[in-house]
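Asker: Handing you this structure, nothing more for now.
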Amino acid sequence: MSTREASDRNDPVIETLDQLAAPMAAGEKPRDAWGIGTEHEKFVYDRGDHHAPSYDEEGGIRDLLDALGEFGWEPIVEGGKVIAMKGADGTVSLEPAGQLELSGAPLENLHETCAETGRHLAQVKTIGDRIGKSFLGLGMWPDKTREELPIMPKGRYEIMLRHMPRVGSMGLDMMLRTCTIQVNLDYASEADMVQKFRTSLALQPLATALFANSPFTEGKPNGMLSYRSHIWSDTDPARTGMLPFVFEDGFGYERYVDYMLDVPMYFVFREGKYIDAAGLSFRDFLEGKLSVLPGEKPRLSDWNDHLSTAFPEVRLKSFLEMRGADGGPWGRICALPALWVGLLYDQGALDAAWDLVKDWDMAGREELRNSVPKLGLDAPIPGGGTLRDIAGQVIDIARSGLAARARLNASGDNETGYLEPLTEIVASGKVPAQRLLDLYHGEWQGDLSQVYKVKSF
């Protein structure tokens, strides 16, 4: 989740609704300036007993963050505590229960993206070797209850932890027990954003299936392949889901602004502190009627904060965020941006991908989204068939898009090789969660502690 550093008193006050679309319009970039921003989370655990370390314990999360300073990272402090580190490779931050996230820098190609991931993993593993910690690449804690997990000292998390049980049954699970991989991508214009948003939103369930990696809860199979994705079905309906309006005529920046104005607030950030505004209306804030800040109108930074508090399958800020994938190993951290860059950053590939999904009806899209956490590639697609029937075709389109980009590394290789983990999944017919279940019921004989040996970085 986003990490705020300081309030800016020079930030402009929002006086008109037209200003609300400004961050989205400001994201428009010419094709040669499009970047790739990859975010990935992993679970931190103690090598001795597999517990999730607290912030303050010896060798805990605070010590892990502090040690990143050895590699040139600089601290971001909130309330006197280091809650993130910033550097040339982006920001290393904390999720609510100590999951460690790299929000990578915007990079020009996938070779740079995968190298960035490798640097980060090498650094945290070096520190982990010294303090007795390791890192687990799954979509959900396989064996931890909520009560066994620590809470990190970040103000926005305190607010969210209080609010989540009011609006859904699994919001605390989302915060405390899950990890994801995301990729953030650019667009050239409002029309380009619309086509990319529609295409990626329709195909987001395919990413969920290919990356499904969370089949265990509290030490046993949970009946799902991506329980992380299932959790979003009852986290907070006001800020999650498939956004039917994206597929309607007239969709664009203004329509997304309307949606965000109807998303209830979480907080306002002032003077380095988070003010609880959970459930309040940003529309009231625009009129100076926010009960926790009476008479004050929002600044542009408040709106940018608010844009980060909706969690649909694809999210629009000044770029598009692909949000459908479970956490996983290094190869799949590289494969997710490869999939979406291949589909969205070449016009021929984007047109071909949109042609696959443009005739799907909204009821079918919703059914697909709802069934994919349990069924994976066997989830039904609108018009008949399953995701399995189109998965290879979609990857082939992505491969053609990457080949057309012709971004070469020092060895002369293009970016298509990063798709190989997905090609292998489709060829085998088994998503990662199904392989874990095979191990659990077979070689492991029900001993889930073996997952720490198999799925650690």
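Naming scheme: A, B, ... for chains in displayed order of the structure tokens; residues 1 onward per chain; ligands 1 onward as shown.
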I need the helix (DSSP H, G or I) residues of segment 198-408 of chain A per DSSP on the backbone, written as an NGL selection string.
Answerer: :A and (198-210 or 227-234 or 244-247 or 253-262 or 282-286 or 300-307 or 330-344 or 347-357 or 362-378 or 387-405)
Asker: For segment 32-46 of chain A, work out the shell of residues within 6 Å, counting only C-alpha atoms and skipping chain neighbours fewer than 4 positions away, then give it as a list in words.
Answerer: His50, His51, Ala52, Gln99, Leu100, Glu101, Leu102, Ser103, Gly104, Ala105, Pro106, Leu107, Glu108, Lys133, Ser134, Phe135, Leu136, Gly137, Cys179, Thr180, Ile181, Gln182, Val183, Asn184, Leu185 and Asp186 of chain A
Asker: So that I have them on file, write out the residues from the current selection with N, CA and C atoms, as a PDB file, in the first residue's frame.
Answerer:
ATOM      1  N   HIS A  50       9.242 -20.567  12.455  1.00  0.00           N
ATOM      2  CA  HIS A  50       8.355 -20.083  11.373  1.00  0.00           C
ATOM      3  C   HIS A  50       7.393 -18.994  11.823  1.00  0.00           C
ATOM      4  N   HIS A  51       7.611 -18.389  13.001  1.00  0.00           N
ATOM      5  CA  HIS A  51       6.683 -17.325  13.401  1.00  0.00           C
ATOM      6  C   HIS A  51       6.918 -16.082  12.538  1.00  0.00           C
ATOM      7  N   ALA A  52       5.874 -15.275  12.418  1.00  0.00           N
ATOM      8  CA  ALA A  52       5.974 -13.994  11.717  1.00  0.00           C
ATOM      9  C   ALA A  52       6.533 -12.971  12.690  1.00  0.00           C
ATOM     10  N   GLN A  99       4.353  -8.127   6.055  1.00  0.00           N
ATOM     11  CA  GLN A  99       4.737  -8.558   4.720  1.00  0.00           C
ATOM     12  C   GLN A  99       5.631  -7.476   4.115  1.00  0.00           C
ATOM     13  N   LEU A 100       6.691  -7.892   3.470  1.00  0.00           N
ATOM     14  CA  LEU A 100       7.654  -6.945   2.925  1.00  0.00           C
ATOM     15  C   LEU A 100       7.376  -6.736   1.445  1.00  0.00           C
ATOM     16  N   GLU A 101       7.254  -5.465   1.041  1.00  0.00           N
ATOM     17  CA  GLU A 101       6.904  -5.142  -0.345  1.00  0.00           C
ATOM     18  C   GLU A 101       8.003  -4.293  -0.979  1.00  0.00           C
ATOM     19  N   LEU A 102       8.364  -4.655  -2.200  1.00  0.00           N
ATOM     20  CA  LEU A 102       9.142  -3.750  -3.039  1.00  0.00           C
ATOM     21  C   LEU A 102       8.202  -3.121  -4.048  1.00  0.00           C
ATOM     22  N   SER A 103       8.056  -1.809  -3.985  1.00  0.00           N
ATOM     23  CA  SER A 103       7.374  -1.051  -5.036  1.00  0.00           C
ATOM     24  C   SER A 103       8.460  -0.507  -5.943  1.00  0.00           C
ATOM     25  N   GLY A 104       8.688  -1.206  -7.045  1.00  0.00           N
ATOM     26  CA  GLY A 104       9.840  -0.918  -7.881  1.00  0.00           C
ATOM     27  C   GLY A 104       9.738   0.400  -8.616  1.00  0.00           C
ATOM     28  N   ALA A 105      10.878   0.866  -9.078  1.00  0.00           N
ATOM     29  CA  ALA A 105      10.942   2.090  -9.864  1.00  0.00           C
ATOM     30  C   ALA A 105      10.328   1.854 -11.240  1.00  0.00           C
ATOM     31  N   PRO A 106       9.830   2.905 -11.909  1.00  0.00           N
ATOM     32  CA  PRO A 106       9.347   2.750 -13.289  1.00  0.00           C
ATOM     33  C   PRO A 106      10.531   2.525 -14.229  1.00  0.00           C
ATOM     34  N   LEU A 107      10.513   1.392 -14.908  1.00  0.00           N
ATOM     35  CA  LEU A 107      11.652   0.981 -15.734  1.00  0.00           C
ATOM     36  C   LEU A 107      11.240   0.834 -17.187  1.00  0.00           C
ATOM     37  N   GLU A 108      12.231   0.811 -18.071  1.00  0.00           N
ATOM     38  CA  GLU A 108      11.961   0.869 -19.510  1.00  0.00           C
ATOM     39  C   GLU A 108      11.653  -0.491 -20.107  1.00  0.00           C
ATOM     40  N   LYS A 133      16.125 -14.870   9.364  1.00  0.00           N
ATOM     41  CA  LYS A 133      14.808 -14.729   8.749  1.00  0.00           C
ATOM     42  C   LYS A 133      14.851 -15.195   7.292  1.00  0.00           C
ATOM     43  N   SER A 134      13.718 -15.706   6.820  1.00  0.00           N
ATOM     44  CA  SER A 134      13.569 -16.083   5.411  1.00  0.00           C
ATOM     45  C   SER A 134      12.264 -15.516   4.884  1.00  0.00           C
ATOM     46  N   PHE A 135      12.026 -15.732   3.598  1.00  0.00           N
ATOM     47  CA  PHE A 135      10.938 -15.056   2.894  1.00  0.00           C
ATOM     48  C   PHE A 135      10.176 -16.074   2.060  1.00  0.00           C
ATOM     49  N   LEU A 136       8.854 -16.035   2.201  1.00  0.00           N
ATOM     50  CA  LEU A 136       7.985 -17.044   1.617  1.00  0.00           C
ATOM     51  C   LEU A 136       7.175 -16.451   0.477  1.00  0.00           C
ATOM     52  N   GLY A 137       7.185 -17.117  -0.676  1.00  0.00           N
ATOM     53  CA  GLY A 137       6.483 -16.626  -1.854  1.00  0.00           C
ATOM     54  C   GLY A 137       5.175 -17.351  -2.099  1.00  0.00           C
ATOM     55  N   CYS A 179      -0.452 -11.864   0.182  1.00  0.00           N
ATOM     56  CA  CYS A 179       0.612 -11.227  -0.589  1.00  0.00           C
ATOM     57  C   CYS A 179       0.258 -11.278  -2.070  1.00  0.00           C
ATOM     58  N   THR A 180       0.696 -10.277  -2.809  1.00  0.00           N
ATOM     59  CA  THR A 180       0.358 -10.180  -4.219  1.00  0.00           C
ATOM     60  C   THR A 180       1.567  -9.738  -5.030  1.00  0.00           C
ATOM     61  N   ILE A 181       1.428  -9.869  -6.345  1.00  0.00           N
ATOM     62  CA  ILE A 181       2.323  -9.248  -7.319  1.00  0.00           C
ATOM     63  C   ILE A 181       1.455  -8.322  -8.155  1.00  0.00           C
ATOM     64  N   GLN A 182       1.930  -7.111  -8.421  1.00  0.00           N
ATOM     65  CA  GLN A 182       1.204  -6.157  -9.257  1.00  0.00           C
ATOM     66  C   GLN A 182       2.153  -5.559 -10.283  1.00  0.00           C
ATOM     67  N   VAL A 183       1.573  -5.049 -11.359  1.00  0.00           N
ATOM     68  CA  VAL A 183       2.366  -4.277 -12.307  1.00  0.00           C
ATOM     69  C   VAL A 183       1.585  -3.018 -12.663  1.00  0.00           C
ATOM     70  N   ASN A 184       2.298  -1.895 -12.738  1.00  0.00           N
ATOM     71  CA  ASN A 184       1.721  -0.591 -13.029  1.00  0.00           C
ATOM     72  C   ASN A 184       2.183  -0.147 -14.410  1.00  0.00           C
ATOM     73  N   LEU A 185       1.222   0.201 -15.265  1.00  0.00           N
ATOM     74  CA  LEU A 185       1.525   0.490 -16.659  1.00  0.00           C
ATOM     75  C   LEU A 185       0.904   1.808 -17.105  1.00  0.00           C
ATOM     76  N   ASP A 186       1.477   2.398 -18.147  1.00  0.00           N
ATOM     77  CA  ASP A 186       1.104   3.718 -18.636  1.00  0.00           C
ATOM     78  C   ASP A 186       0.145   3.643 -19.826  1.00  0.00           C
TER      79      ASP A 186
END
Asker: For Gly59 of chain A, which of A:Gly79, A:Gly98, A:Gly132, A:Gly376 is the closest residue, counting only C-alpha atoms?
Answerer: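 The shortest atom-to-atom distance to Gly59 of chain A comes from A:Gly132.
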Asker: If you run DSSP on the backbone here, which positions in segment 190-380 of chain A get strand (DSSP E)? Please write them as a PDB file with N, CA and C atoms, in the first residue's frame.
Answerer:
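What ended up in result13.pdb:
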ATOM      1  N   PHE A 216      -4.019 -22.990   0.931  1.00  0.00           N
ATOM      2  CA  PHE A 216      -4.022 -23.437   2.326  1.00  0.00           C
ATOM      3  C   PHE A 216      -4.415 -22.301   3.265  1.00  0.00           C
ATOM      4  N   THR A 217      -5.182 -22.644   4.294  1.00  0.00           N
ATOM      5  CA  THR A 217      -5.521 -21.716   5.369  1.00  0.00           C
ATOM      6  C   THR A 217      -5.389 -22.442   6.698  1.00  0.00           C
ATOM      7  N   LYS A 220      -4.305 -26.293   6.471  1.00  0.00           N
ATOM      8  CA  LYS A 220      -4.974 -27.327   5.691  1.00  0.00           C
ATOM      9  C   LYS A 220      -5.557 -26.724   4.411  1.00  0.00           C
ATOM     10  N   PRO A 221      -5.876 -27.573   3.426  1.00  0.00           N
ATOM     11  CA  PRO A 221      -6.468 -27.046   2.189  1.00  0.00           C
ATOM     12  C   PRO A 221      -7.760 -26.296   2.475  1.00  0.00           C
ATOM     13  N   THR A 240     -14.300  -2.623  -4.250  1.00  0.00           N
ATOM     14  CA  THR A 240     -13.701  -3.788  -4.890  1.00  0.00           C
ATOM     15  C   THR A 240     -14.538  -4.203  -6.103  1.00  0.00           C
ATOM     16  N   GLY A 241     -14.048  -5.198  -6.850  1.00  0.00           N
ATOM     17  CA  GLY A 241     -14.873  -5.802  -7.873  1.00  0.00           C
ATOM     18  C   GLY A 241     -14.458  -5.527  -9.303  1.00  0.00           C
ATOM     19  N   PHE A 267      -9.141   8.020   5.463  1.00  0.00           N
ATOM     20  CA  PHE A 267      -8.342   8.907   6.313  1.00  0.00           C
ATOM     21  C   PHE A 267      -8.046  10.212   5.591  1.00  0.00           C
ATOM     22  N   VAL A 268      -7.520  11.163   6.356  1.00  0.00           N
ATOM     23  CA  VAL A 268      -6.885  12.369   5.826  1.00  0.00           C
ATOM     24  C   VAL A 268      -5.525  12.477   6.499  1.00  0.00           C
ATOM     25  N   PHE A 269      -4.513  12.791   5.738  1.00  0.00           N
ATOM     26  CA  PHE A 269      -3.146  12.880   6.250  1.00  0.00           C
ATOM     27  C   PHE A 269      -2.803  14.338   6.509  1.00  0.00           C
ATOM     28  N   ARG A 270      -2.491  14.666   7.769  1.00  0.00           N
ATOM     29  CA  ARG A 270      -2.137  16.034   8.141  1.00  0.00           C
ATOM     30  C   ARG A 270      -0.987  16.019   9.156  1.00  0.00           C
ATOM     31  N   LYS A 273       0.391  12.811  10.418  1.00  0.00           N
ATOM     32  CA  LYS A 273      -0.505  11.889  11.113  1.00  0.00           C
ATOM     33  C   LYS A 273      -1.748  11.612  10.274  1.00  0.00           C
ATOM     34  N   TYR A 274      -2.315  10.421  10.514  1.00  0.00           N
ATOM     35  CA  TYR A 274      -3.539  10.022   9.818  1.00  0.00           C
ATOM     36  C   TYR A 274      -4.755  10.316  10.690  1.00  0.00           C
ATOM     37  N   ILE A 275      -5.702  11.060  10.145  1.00  0.00           N
ATOM     38  CA  ILE A 275      -6.952  11.377  10.826  1.00  0.00           C
ATOM     39  C   ILE A 275      -8.017  10.408  10.329  1.00  0.00           C
ATOM     40  N   ASP A 276      -8.679   9.749  11.238  1.00  0.00           N
ATOM     41  CA  ASP A 276      -9.675   8.732  10.894  1.00  0.00           C
ATOM     42  C   ASP A 276     -10.898   9.386  10.254  1.00  0.00           C
ATOM     43  N   PHE A 311      -9.917  -0.770  -4.289  1.00  0.00           N
ATOM     44  CA  PHE A 311      -9.190  -1.999  -4.592  1.00  0.00           C
ATOM     45  C   PHE A 311      -9.888  -2.861  -5.638  1.00  0.00           C
ATOM     46  N   PRO A 312     -10.287  -2.291  -6.762  1.00  0.00           N
ATOM     47  CA  PRO A 312     -10.870  -3.128  -7.807  1.00  0.00           C
ATOM     48  C   PRO A 312      -9.807  -4.002  -8.469  1.00  0.00           C
ATOM     49  N   VAL A 314      -8.644  -3.923 -11.419  1.00  0.00           N
ATOM     50  CA  VAL A 314      -7.701  -2.999 -12.061  1.00  0.00           C
ATOM     51  C   VAL A 314      -7.988  -1.627 -11.479  1.00  0.00           C
ATOM     52  N   ARG A 315      -6.944  -0.885 -11.154  1.00  0.00           N
ATOM     53  CA  ARG A 315      -7.120   0.415 -10.512  1.00  0.00           C
ATOM     54  C   ARG A 315      -6.466   1.494 -11.352  1.00  0.00           C
ATOM     55  N   LEU A 316      -7.143   2.637 -11.439  1.00  0.00           N
ATOM     56  CA  LEU A 316      -6.635   3.792 -12.180  1.00  0.00           C
ATOM     57  C   LEU A 316      -6.192   4.873 -11.203  1.00  0.00           C
ATOM     58  N   LEU A 320      -2.270   2.571 -14.721  1.00  0.00           N
ATOM     59  CA  LEU A 320      -3.170   1.449 -14.486  1.00  0.00           C
ATOM     60  C   LEU A 320      -2.444   0.369 -13.693  1.00  0.00           C
ATOM     61  N   GLU A 321      -3.112  -0.154 -12.666  1.00  0.00           N
ATOM     62  CA  GLU A 321      -2.535  -1.195 -11.825  1.00  0.00           C
ATOM     63  C   GLU A 321      -3.246  -2.519 -12.080  1.00  0.00           C
ATOM     64  N   MET A 322      -2.482  -3.561 -12.414  1.00  0.00           N
ATOM     65  CA  MET A 322      -3.014  -4.908 -12.571  1.00  0.00           C
ATOM     66  C   MET A 322      -2.940  -5.608 -11.216  1.00  0.00           C
ATOM     67  N   ARG A 323      -4.098  -6.041 -10.673  1.00  0.00           N
ATOM     68  CA  ARG A 323      -4.161  -6.428  -9.267  1.00  0.00           C
ATOM     69  C   ARG A 323      -4.616  -7.872  -9.045  1.00  0.00           C
ATOM     70  N   GLY A 324      -4.536  -8.730 -10.057  1.00  0.00           N
ATOM     71  CA  GLY A 324      -5.174 -10.038  -9.939  1.00  0.00           C
ATOM     72  C   GLY A 324      -4.329 -11.192  -9.459  1.00  0.00           C
ATOM     73  N   ALA A 325      -3.020 -11.016  -9.239  1.00  0.00           N
ATOM     74  CA  ALA A 325      -2.120 -12.156  -9.059  1.00  0.00           C
ATOM     75  C   ALA A 325      -1.726 -12.401  -7.606  1.00  0.00           C
ATOM     76  N   ASP A 326      -1.627 -13.675  -7.245  1.00  0.00           N
ATOM     77  CA  ASP A 326      -1.060 -14.077  -5.961  1.00  0.00           C
ATOM     78  C   ASP A 326       0.450 -13.880  -5.964  1.00  0.00           C
TER      79      ASP A 326
END
Asker: Can you pull out every residue within 9 Å of Tyr227 of chain A, counting only C-alpha atoms, but drop anything in the same chain fewer than 4 positions away, and send it as a VMD selection string?
Answerer: chain A and resid 139 to 140 178 212 to 217 222 to 223 231 to 232 373 to 374
Asker: For C-alpha atoms, I'd like the residues from the last selection saved as a PDB file, in the first residue's frame.
Answerer:
ATOM      1  CA  GLY A 139      -0.508 -15.657  -1.950  1.00  0.00           C
ATOM      2  CA  MET A 140      -1.628 -16.304   1.627  1.00  0.00           C
ATOM      3  CA  THR A 178      -2.133 -12.116   1.872  1.00  0.00           C
ATOM      4  CA  ALA A 212      -3.133 -18.979  -8.178  1.00  0.00           C
ATOM      5  CA  ASN A 213      -0.907 -19.836  -5.223  1.00  0.00           C
ATOM      6  CA  SER A 214      -2.939 -19.781  -1.999  1.00  0.00           C
ATOM      7  CA  PRO A 215      -4.653 -23.160  -1.441  1.00  0.00           C
ATOM      8  CA  PHE A 216      -4.022 -23.437   2.326  1.00  0.00           C
ATOM      9  CA  THR A 217      -5.521 -21.716   5.369  1.00  0.00           C
ATOM     10  CA  ASN A 222      -9.117 -24.335   2.006  1.00  0.00           C
ATOM     11  CA  GLY A 223     -11.005 -25.566  -1.078  1.00  0.00           C
ATOM     12  CA  ILE A 231     -10.956 -12.871   0.105  1.00  0.00           C
ATOM     13  CA  TRP A 232     -11.672  -9.825  -2.061  1.00  0.00           C
ATOM     14  CA  PRO A 373     -10.580 -18.522  -7.162  1.00  0.00           C
ATOM     15  CA  LYS A 374     -11.918 -22.074  -6.847  1.00  0.00           C
TER      16      LYS A 374
END
Asker: Set the distance at 9 Å and use only C-alpha atoms: which residues neighbour segment 60-70 of chain A once local chain neighbours fewer than 2 positions away are removed? I'd like the list as a PyMOL selection string.
Answerer: chain A and resi 44+46+52-58+72-75+81-85+92-94+98+100+123-124+127-128+131+133+152
Asker: Suppose we keep N, CA and C atoms; can you now write the selection as a PDB file, in the first residue's frame?
Answerer:
ATOM      1  N   VAL A  44       7.573 -12.679   5.686  1.00  0.00           N
ATOM      2  CA  VAL A  44       8.811 -12.805   6.442  1.00  0.00           C
ATOM      3  C   VAL A  44       8.566 -13.793   7.582  1.00  0.00           C
ATOM      4  N   ASP A  46      10.574 -16.429  10.777  1.00  0.00           N
ATOM      5  CA  ASP A  46      11.758 -16.831  11.540  1.00  0.00           C
ATOM      6  C   ASP A  46      12.130 -18.269  11.165  1.00  0.00           C
ATOM      7  N   ALA A  52       5.874 -15.275  12.418  1.00  0.00           N
ATOM      8  CA  ALA A  52       5.974 -13.994  11.717  1.00  0.00           C
ATOM      9  C   ALA A  52       6.533 -12.971  12.690  1.00  0.00           C
ATOM     10  N   PRO A  53       7.687 -12.382  12.414  1.00  0.00           N
ATOM     11  CA  PRO A  53       8.325 -11.499  13.401  1.00  0.00           C
ATOM     12  C   PRO A  53       7.566 -10.194  13.600  1.00  0.00           C
ATOM     13  N   SER A  54       7.594  -9.721  14.814  1.00  0.00           N
ATOM     14  CA  SER A  54       6.996  -8.423  15.116  1.00  0.00           C
ATOM     15  C   SER A  54       7.933  -7.312  14.659  1.00  0.00           C
ATOM     16  N   TYR A  55       7.453  -6.086  14.773  1.00  0.00           N
ATOM     17  CA  TYR A  55       8.267  -4.937  14.383  1.00  0.00           C
ATOM     18  C   TYR A  55       9.454  -4.767  15.315  1.00  0.00           C
ATOM     19  N   ASP A  56       9.228  -4.868  16.627  1.00  0.00           N
ATOM     20  CA  ASP A  56      10.231  -4.469  17.608  1.00  0.00           C
ATOM     21  C   ASP A  56      11.124  -5.590  18.107  1.00  0.00           C
ATOM     22  N   GLU A  57      10.785  -6.836  17.888  1.00  0.00           N
ATOM     23  CA  GLU A  57      11.606  -7.910  18.451  1.00  0.00           C
ATOM     24  C   GLU A  57      13.012  -7.900  17.850  1.00  0.00           C
ATOM     25  N   GLU A  58      13.967  -8.466  18.578  1.00  0.00           N
ATOM     26  CA  GLU A  58      15.335  -8.546  18.067  1.00  0.00           C
ATOM     27  C   GLU A  58      15.350  -9.364  16.782  1.00  0.00           C
ATOM     28  N   GLY A  72      22.320   1.256   0.638  1.00  0.00           N
ATOM     29  CA  GLY A  72      22.044   2.589   0.123  1.00  0.00           C
ATOM     30  C   GLY A  72      20.616   3.059   0.264  1.00  0.00           C
ATOM     31  N   TRP A  73      19.758   2.280   0.912  1.00  0.00           N
ATOM     32  CA  TRP A  73      18.378   2.695   1.124  1.00  0.00           C
ATOM     33  C   TRP A  73      18.305   3.701   2.266  1.00  0.00           C
ATOM     34  N   GLU A  74      17.352   4.643   2.158  1.00  0.00           N
ATOM     35  CA  GLU A  74      17.189   5.678   3.171  1.00  0.00           C
ATOM     36  C   GLU A  74      15.830   5.551   3.841  1.00  0.00           C
ATOM     37  N   PRO A  75      15.753   5.828   5.139  1.00  0.00           N
ATOM     38  CA  PRO A  75      14.518   5.572   5.884  1.00  0.00           C
ATOM     39  C   PRO A  75      13.411   6.590   5.615  1.00  0.00           C
ATOM     40  N   LYS A  81       9.061   6.035  13.944  1.00  0.00           N
ATOM     41  CA  LYS A  81       9.434   4.671  13.571  1.00  0.00           C
ATOM     42  C   LYS A  81       9.686   4.587  12.065  1.00  0.00           C
ATOM     43  N   VAL A  82      10.695   3.824  11.686  1.00  0.00           N
ATOM     44  CA  VAL A  82      10.973   3.587  10.269  1.00  0.00           C
ATOM     45  C   VAL A  82       9.911   2.638   9.732  1.00  0.00           C
ATOM     46  N   ILE A  83       9.158   3.102   8.727  1.00  0.00           N
ATOM     47  CA  ILE A  83       8.079   2.257   8.188  1.00  0.00           C
ATOM     48  C   ILE A  83       8.318   1.921   6.714  1.00  0.00           C
ATOM     49  N   ALA A  84       9.406   2.422   6.134  1.00  0.00           N
ATOM     50  CA  ALA A  84       9.745   2.106   4.750  1.00  0.00           C
ATOM     51  C   ALA A  84      11.167   2.582   4.490  1.00  0.00           C
ATOM     52  N   MET A  85      11.726   2.127   3.379  1.00  0.00           N
ATOM     53  CA  MET A  85      13.040   2.570   2.923  1.00  0.00           C
ATOM     54  C   MET A  85      12.926   2.931   1.449  1.00  0.00           C
ATOM     55  N   VAL A  92      10.876   0.109  -0.362  1.00  0.00           N
ATOM     56  CA  VAL A  92      10.597  -1.119   0.388  1.00  0.00           C
ATOM     57  C   VAL A  92       9.711  -0.724   1.565  1.00  0.00           C
ATOM     58  N   SER A  93       8.527  -1.289   1.627  1.00  0.00           N
ATOM     59  CA  SER A  93       7.568  -0.881   2.653  1.00  0.00           C
ATOM     60  C   SER A  93       6.948  -2.095   3.322  1.00  0.00           C
ATOM     61  N   LEU A  94       6.140  -1.824   4.335  1.00  0.00           N
ATOM     62  CA  LEU A  94       5.529  -2.860   5.145  1.00  0.00           C
ATOM     63  C   LEU A  94       4.041  -2.950   4.886  1.00  0.00           C
ATOM     64  N   GLY A  98       3.504  -7.113   8.465  1.00  0.00           N
ATOM     65  CA  GLY A  98       4.934  -7.250   8.269  1.00  0.00           C
ATOM     66  C   GLY A  98       5.337  -7.871   6.950  1.00  0.00           C
ATOM     67  N   LEU A 100       6.691  -7.892   3.470  1.00  0.00           N
ATOM     68  CA  LEU A 100       7.654  -6.945   2.925  1.00  0.00           C
ATOM     69  C   LEU A 100       7.376  -6.736   1.445  1.00  0.00           C
ATOM     70  N   GLN A 123      19.431  -8.739  -1.610  1.00  0.00           N
ATOM     71  CA  GLN A 123      19.686  -7.903  -0.441  1.00  0.00           C
ATOM     72  C   GLN A 123      18.950  -8.427   0.789  1.00  0.00           C
ATOM     73  N   VAL A 124      17.661  -8.707   0.649  1.00  0.00           N
ATOM     74  CA  VAL A 124      16.913  -9.140   1.834  1.00  0.00           C
ATOM     75  C   VAL A 124      17.349 -10.537   2.275  1.00  0.00           C
ATOM     76  N   ILE A 127      20.492 -10.102   4.370  1.00  0.00           N
ATOM     77  CA  ILE A 127      20.131  -9.668   5.720  1.00  0.00           C
ATOM     78  C   ILE A 127      19.488 -10.817   6.491  1.00  0.00           C
ATOM     79  N   GLY A 128      18.591 -11.539   5.830  1.00  0.00           N
ATOM     80  CA  GLY A 128      17.921 -12.657   6.482  1.00  0.00           C
ATOM     81  C   GLY A 128      18.889 -13.713   6.981  1.00  0.00           C
ATOM     82  N   ILE A 131      20.170 -12.434  10.339  1.00  0.00           N
ATOM     83  CA  ILE A 131      19.250 -12.287  11.475  1.00  0.00           C
ATOM     84  C   ILE A 131      18.303 -13.478  11.632  1.00  0.00           C
ATOM     85  N   LYS A 133      16.125 -14.870   9.364  1.00  0.00           N
ATOM     86  CA  LYS A 133      14.808 -14.729   8.749  1.00  0.00           C
ATOM     87  C   LYS A 133      14.851 -15.195   7.292  1.00  0.00           C
ATOM     88  N   MET A 152       1.892  -3.831  12.175  1.00  0.00           N
ATOM     89  CA  MET A 152       2.957  -2.857  11.953  1.00  0.00           C
ATOM     90  C   MET A 152       2.503  -1.456  12.370  1.00  0.00           C
TER      91      MET A 152
END
Asker: Which residues are close to segment 260-266 of chain A, i.e. within 9 Å by only C-alpha atoms, leaving aside same-chain residues fewer than 3 positions away? Reply as a list in words.
Answerer: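 My list of contacting residues is Arg156, Ile159, Met160, His163, Ala238, Arg239, Arg255, Tyr256, Val257, Ile275, Asp276, Ala277, Ala278, Gly279, Leu280, Ser281, Phe282, Arg283, His306, Leu307, Thr309 and Ala310 of chain A.
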